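Asker: Take a look at the following structure, please.
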Amino acid sequence: MTAKITVRGLRHEYVNPFTRERVTALDGVDLEVEDGEFLTVVGPSGCGKTTLLGILAGLVPATRGTVLLGARPVTGPGPDRGVVFQEFAILPWRTVERNIAHGLEIQGVPRAERAATVARFVELVGLRGFETKYPHELSGGMKQRVAVARTLAANPEVMLMDEPFASVDAQTRITLQEELNAIALATRKTILLVTHNVDEAVFLGDRCCVLSRRPGRVKTLVPVKIPRERRTWQLLTSDPSFAATKEQVLRLVREEVGAGDTA
Ligand SMILES: Nc1ncnc2c1ncn2[C@@H]1O[C@H](COP(=O)(O)OP(=O)(O)OP(=O)(O)O)[C@@H](O)[C@H]1O
Ligand SMILES: [Mg+2]
């Protein structure tokens with residue numbers, strides 16, 4: 001198999017510009033994400049998950065180590081990587097369809113092709129009938145779906161998601177997880193998703209990457225051997241292998257969380 005993302009010996013230090021104080025967020029991160037793989041990342045709060053995603057996105061420069069996308073070194077942001085952060089990156093002055101079209105407009109995709117692509121993604125994320133609504137007319141979960149559709153429509157090679165469902169209610173979150181699973185199945189995109197939620201990590205991941213406490217490094221990669229077609233909450237709630245994998249990931253994360261910490 002070919003690696004879509006290769007991370008070697010990655011270290012990141014934040015330096016306070018006033019006090020010169022240093023915080024080592026990541027150290028010695030080695031990781032390979034396969035083409036078409038869905039990798040979920042969990043770990044204690046502050047262990048460097050967002051930093052790792054920022055480096056992969058090209059938004060945060062690594063202090064040491066290398067990151068390759070295919071064979072190309074990552075040196076900055078690019079259209080080959082789509083990013084969905086917790087705060088929905090959607091534009092309040094644009095309708096749903098014009099938000100989803102945004103990346104395509106930037107790429108100069110002709111109008112007719114743009115319209116067809118937008119219609120496909122509106123359908124895929126279940127927003128038909130809301131195409132001409134503005135973000136303030138949508139629920140939190142719907143805005144989140146616009147953000148996902150907008151990123152997918154631009155057709156990046158890799159999707160990087162940081163806690164994308166953290167701010168929606170539990171019921172919506174379950175729906176969005178099932179939708180994202182369906183999208184992963186339909187598009188076979190390489191996806192890296194950071195979450196605090198172990199259930200979510202095991203539900204969505206082909207593998208679940210557990211990071212150590214800060215400075216974060218890869219502690220264990222746990223494979224999730226459940227076919228994507230079977231991944232609905234109704235089926236998995238009573239699936240013994242889902243329960244066992246969840247238990248395993250939870251144990252690994254708990255070992256990294258210090259006493260009194262609840263992350
Ligand atoms: N801009 C920054 N300047 C200085 N230190 C930072 C900065 N961003 C993050 N840090 C520190 O780096 C470490 C890792 O932060 P990061 O946000 O990557 O963790 P995280 O795993 O995403 O945490 P959480 O699970 O709470 O989101 C933390 O100790 C944090 O305080
Ligand atoms: Mg974070």
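So you can find residues: chains in the structure tokens are A, B, ... in the order shown, residues in each start at 1, and ligands are numbered from 1 in order.
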Neighbours of ligand 1 at 12 Å or closer, counting only C-alpha atoms and all ligand atoms: which residues, as a ChimeraX atom specification?
Answerer: /A:11-27,41-55,59-61,85-86,161-164,166,193-197,210-217,253,257,261-263
Asker: I need the residues in stretch 163-260 of chain A that are strand (DSSP E or B) according to DSSP; give them as a list in words.
Answerer: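 Filtering stretch 163-260 of chain A down to strand (DSSP E or B) leaves Thr190, Ile191, Leu192, Leu193, Val194, Arg207, Cys208, Cys209, Val210, Leu211, Gly216, Val218, Lys219, Thr220, Leu221, Val222 and Pro223 of chain A.
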Asker: Emit the selected residues as a compact mmCIF listing (two decimals), in the first residue's frame, including all heavy atoms.
Answerer:
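Printed below is selection.txt as written:
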# COMPACT_ATOMS: atom_id res chain seq x y z
N THR A 190 -8.88 10.09 1.85
CA THR A 190 -8.00 9.95 3.00
C THR A 190 -8.44 11.00 4.03
O THR A 190 -8.48 12.19 3.72
CB THR A 190 -6.54 10.20 2.59
OG1 THR A 190 -6.23 9.37 1.47
CG2 THR A 190 -5.59 9.91 3.74
N ILE A 191 -8.82 10.53 5.22
CA ILE A 191 -9.36 11.46 6.22
C ILE A 191 -8.62 11.27 7.54
O ILE A 191 -8.36 10.14 7.97
CB ILE A 191 -10.87 11.22 6.45
CG1 ILE A 191 -11.65 11.33 5.13
CG2 ILE A 191 -11.43 12.21 7.48
CD1 ILE A 191 -13.14 11.02 5.24
N LEU A 192 -8.27 12.37 8.16
CA LEU A 192 -7.68 12.35 9.48
C LEU A 192 -8.58 13.17 10.39
O LEU A 192 -8.82 14.35 10.12
CB LEU A 192 -6.30 12.99 9.40
CG LEU A 192 -5.27 12.43 10.36
CD1 LEU A 192 -4.05 12.02 9.58
CD2 LEU A 192 -4.92 13.50 11.35
N LEU A 193 -9.14 12.55 11.41
CA LEU A 193 -10.10 13.24 12.27
C LEU A 193 -9.68 13.15 13.73
O LEU A 193 -9.45 12.06 14.25
CB LEU A 193 -11.49 12.63 12.07
CG LEU A 193 -12.64 13.20 12.90
CD1 LEU A 193 -13.93 13.26 12.08
CD2 LEU A 193 -12.89 12.40 14.17
N VAL A 194 -9.55 14.31 14.36
CA VAL A 194 -9.19 14.39 15.77
C VAL A 194 -10.46 14.47 16.60
O VAL A 194 -11.38 15.21 16.25
CB VAL A 194 -8.34 15.66 16.02
CG1 VAL A 194 -8.26 15.98 17.51
CG2 VAL A 194 -6.95 15.51 15.43
N ARG A 207 -8.27 2.91 11.50
CA ARG A 207 -7.37 2.72 12.63
C ARG A 207 -7.58 3.92 13.55
O ARG A 207 -7.91 5.02 13.10
CB ARG A 207 -5.91 2.70 12.17
CG ARG A 207 -5.52 1.42 11.45
CD ARG A 207 -4.02 1.38 11.16
NE ARG A 207 -3.60 2.51 10.33
CZ ARG A 207 -2.33 2.86 10.16
NH1 ARG A 207 -1.37 2.18 10.76
NH2 ARG A 207 -2.01 3.89 9.39
N CYS A 208 -7.32 3.69 14.81
CA CYS A 208 -7.41 4.78 15.78
C CYS A 208 -6.01 4.99 16.35
O CYS A 208 -5.40 4.06 16.87
CB CYS A 208 -8.42 4.39 16.86
SG CYS A 208 -8.54 5.64 18.12
N CYS A 209 -5.53 6.22 16.21
CA CYS A 209 -4.18 6.55 16.66
C CYS A 209 -4.27 7.18 18.05
O CYS A 209 -4.89 8.22 18.23
CB CYS A 209 -3.57 7.55 15.66
SG CYS A 209 -2.00 8.22 16.18
N VAL A 210 -3.67 6.51 19.03
CA VAL A 210 -3.68 7.05 20.39
C VAL A 210 -2.36 7.77 20.62
O VAL A 210 -1.28 7.18 20.47
CB VAL A 210 -3.86 5.92 21.44
CG1 VAL A 210 -3.90 6.50 22.85
CG2 VAL A 210 -5.11 5.10 21.15
N LEU A 211 -2.45 9.06 20.96
CA LEU A 211 -1.24 9.82 21.25
C LEU A 211 -0.95 9.78 22.75
O LEU A 211 -1.86 9.67 23.57
CB LEU A 211 -1.40 11.29 20.81
CG LEU A 211 -1.55 11.57 19.31
CD1 LEU A 211 -1.61 13.08 19.08
CD2 LEU A 211 -0.39 10.98 18.51
N GLY A 216 3.28 15.01 22.69
CA GLY A 216 2.60 13.90 22.04
C GLY A 216 3.49 13.14 21.07
O GLY A 216 4.31 13.72 20.36
N VAL A 218 3.11 9.02 18.85
CA VAL A 218 2.16 7.94 18.61
C VAL A 218 2.42 6.84 19.64
O VAL A 218 3.50 6.28 19.68
CB VAL A 218 2.26 7.39 17.18
CG1 VAL A 218 1.32 6.21 16.99
CG2 VAL A 218 1.98 8.49 16.16
N LYS A 219 1.43 6.58 20.46
CA LYS A 219 1.57 5.53 21.48
C LYS A 219 1.18 4.18 20.88
O LYS A 219 1.96 3.25 20.89
CB LYS A 219 0.66 5.87 22.66
CG LYS A 219 0.61 4.82 23.76
CD LYS A 219 -0.40 5.26 24.83
CE LYS A 219 -0.79 4.16 25.79
NZ LYS A 219 -0.07 4.20 27.06
N THR A 220 -0.01 4.11 20.32
CA THR A 220 -0.50 2.86 19.74
C THR A 220 -1.43 3.16 18.57
O THR A 220 -2.17 4.15 18.62
CB THR A 220 -1.30 2.02 20.78
OG1 THR A 220 -0.59 2.01 22.01
CG2 THR A 220 -1.53 0.61 20.31
N LEU A 221 -1.37 2.33 17.54
CA LEU A 221 -2.34 2.40 16.44
C LEU A 221 -3.25 1.19 16.58
O LEU A 221 -2.79 0.05 16.48
CB LEU A 221 -1.62 2.38 15.10
CG LEU A 221 -0.91 3.69 14.75
CD1 LEU A 221 0.19 3.45 13.73
CD2 LEU A 221 -1.91 4.71 14.22
N VAL A 222 -4.51 1.44 16.83
CA VAL A 222 -5.45 0.34 17.06
C VAL A 222 -6.31 0.14 15.81
O VAL A 222 -7.04 1.05 15.41
CB VAL A 222 -6.37 0.65 18.26
CG1 VAL A 222 -7.37 -0.48 18.49
CG2 VAL A 222 -5.55 0.91 19.52
N PRO A 223 -6.20 -1.03 15.16
CA PRO A 223 -7.05 -1.26 13.98
C PRO A 223 -8.51 -1.51 14.38
O PRO A 223 -8.76 -2.12 15.43
CB PRO A 223 -6.45 -2.51 13.34
CG PRO A 223 -5.57 -3.13 14.36
CD PRO A 223 -5.33 -2.17 15.47
Asker: Skip stretch 69-72 of chain A itself and residues of its chain fewer than 2 positions away, then list as an MDAnalysis selection string all residues within 9 Å of it, counting only C-alpha atoms.
Answerer: chainID A and resid 2:6 35 56 67 74:75 80 158
Asker: Which neighbours of A:Arg188 fall inside 12 Å, counting only C-alpha atoms, when residues of the same chain fewer than 6 positions from it are skipped, and could you give them as a list in words?
Answerer: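 Here the answer would be Glu34, Asp35, Gly36, Glu37, Phe38, Leu152, Asn155, Pro156, Glu157, Val158, Met159, Leu180, Asn181, Ala182, Asp206 and Arg228 of chain A.
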Asker: Report, in Å with one decimal, the straight-line distance from atom CA of A:Gly76 to atom CA of A:Ala57.
Answerer: 7.2 Å
Asker: Please provide as a PDB file with C-alpha atoms, in the first residue's frame all residues within 7 Å of A:Asp30, with the sequence filter that same-chain residues fewer than 6 positions apart are discarded (counting only C-alpha atoms).
Answerer:
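So around25.pdb came out as:
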ATOM      1  CA  VAL A   7       5.249  11.916   9.227  1.00  0.00           C
ATOM      2  CA  ARG A   8       8.806  11.342  10.397  1.00  0.00           C
ATOM      3  CA  GLY A   9      10.475  12.486  13.601  1.00  0.00           C
ATOM      4  CA  LEU A  10       8.094  15.369  14.039  1.00  0.00           C
ATOM      5  CA  VAL A 218       2.161   7.942  18.611  1.00  0.00           C
TER       6      VAL A 218
END
Asker: Just give me the gap between atom CA of A:Glu131 and atom CA of A:Ile174 in Å, one decimal is fine.
Answerer: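 Those two atoms sit 22.9 Å apart.
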Asker: Run DSSP on the backbone and give me the residues of stretch 7-111 of chain A it puts in alpha helix (DSSP H), as JSON, numbers by chain.
Answerer: {"A": [49, 50, 51, 52, 53, 54, 55, 56, 57, 96, 97, 98, 99, 100, 101, 102, 103, 104, 105, 106, 111]}
Asker: Between atom CA of A:Arg231 and atom CA of A:Leu204, what distance in Å does the model show, to one decimal?
Answerer: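 We find that atom CA of A:Arg231 and atom CA of A:Leu204 lie 8.0 Å from each other.
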Asker: Using only C-alpha atoms, determine which residues lie at most 7 Å from A:Val96, disregarding the query and same-chain residues fewer than 3 positions distant; provide the list as number ranges by chain.
Answerer: A: 99-100, 130-135, 146
Asker: Choose the residue, out of A:Val202, A:Leu68, A:Val109, A:Leu91, that has the smallest atom-to-atom separation from A:His136; count only C-alpha atoms.
Answerer: A:Leu91
Asker: As an mmCIF file with N, CA, C and O atoms, in the first residue's frame, please: the residues near A:Val198 (cut-off 7 Å, only C-alpha atoms, same-chain neighbours under 5 positions excluded).
Answerer:
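Wrote selection_0.cif, looks like this:
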data_model
loop_
_atom_site.group_PDB
_atom_site.id
_atom_site.type_symbol
_atom_site.label_atom_id
_atom_site.label_comp_id
_atom_site.auth_asym_id
_atom_site.auth_seq_id
_atom_site.Cartn_x
_atom_site.Cartn_y
_atom_site.Cartn_z
ATOM 1 N N LYS A 246 -13.316 -0.358 21.642
ATOM 2 C CA LYS A 246 -13.547 0.861 22.424
ATOM 3 C C LYS A 246 -12.872 0.767 23.784
ATOM 4 O O LYS A 246 -12.207 1.699 24.230
ATOM 5 N N VAL A 249 -9.086 1.177 23.381
ATOM 6 C CA VAL A 249 -8.668 2.564 23.133
ATOM 7 C C VAL A 249 -8.819 3.392 24.411
ATOM 8 O O VAL A 249 -7.929 4.166 24.781
ATOM 9 N N LEU A 250 -9.931 3.182 25.099
ATOM 10 C CA LEU A 250 -10.190 3.926 26.337
ATOM 11 C C LEU A 250 -9.090 3.652 27.369
ATOM 12 O O LEU A 250 -8.595 4.567 28.019
#
Asker: Here is a test: counting only C-alpha atoms, which residue of A:Ala201, A:Arg98, A:Val29, A:Val83 is nearest to A:Arg64?
Answerer: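 Under the stated criterion, the closest residue is A:Val29.
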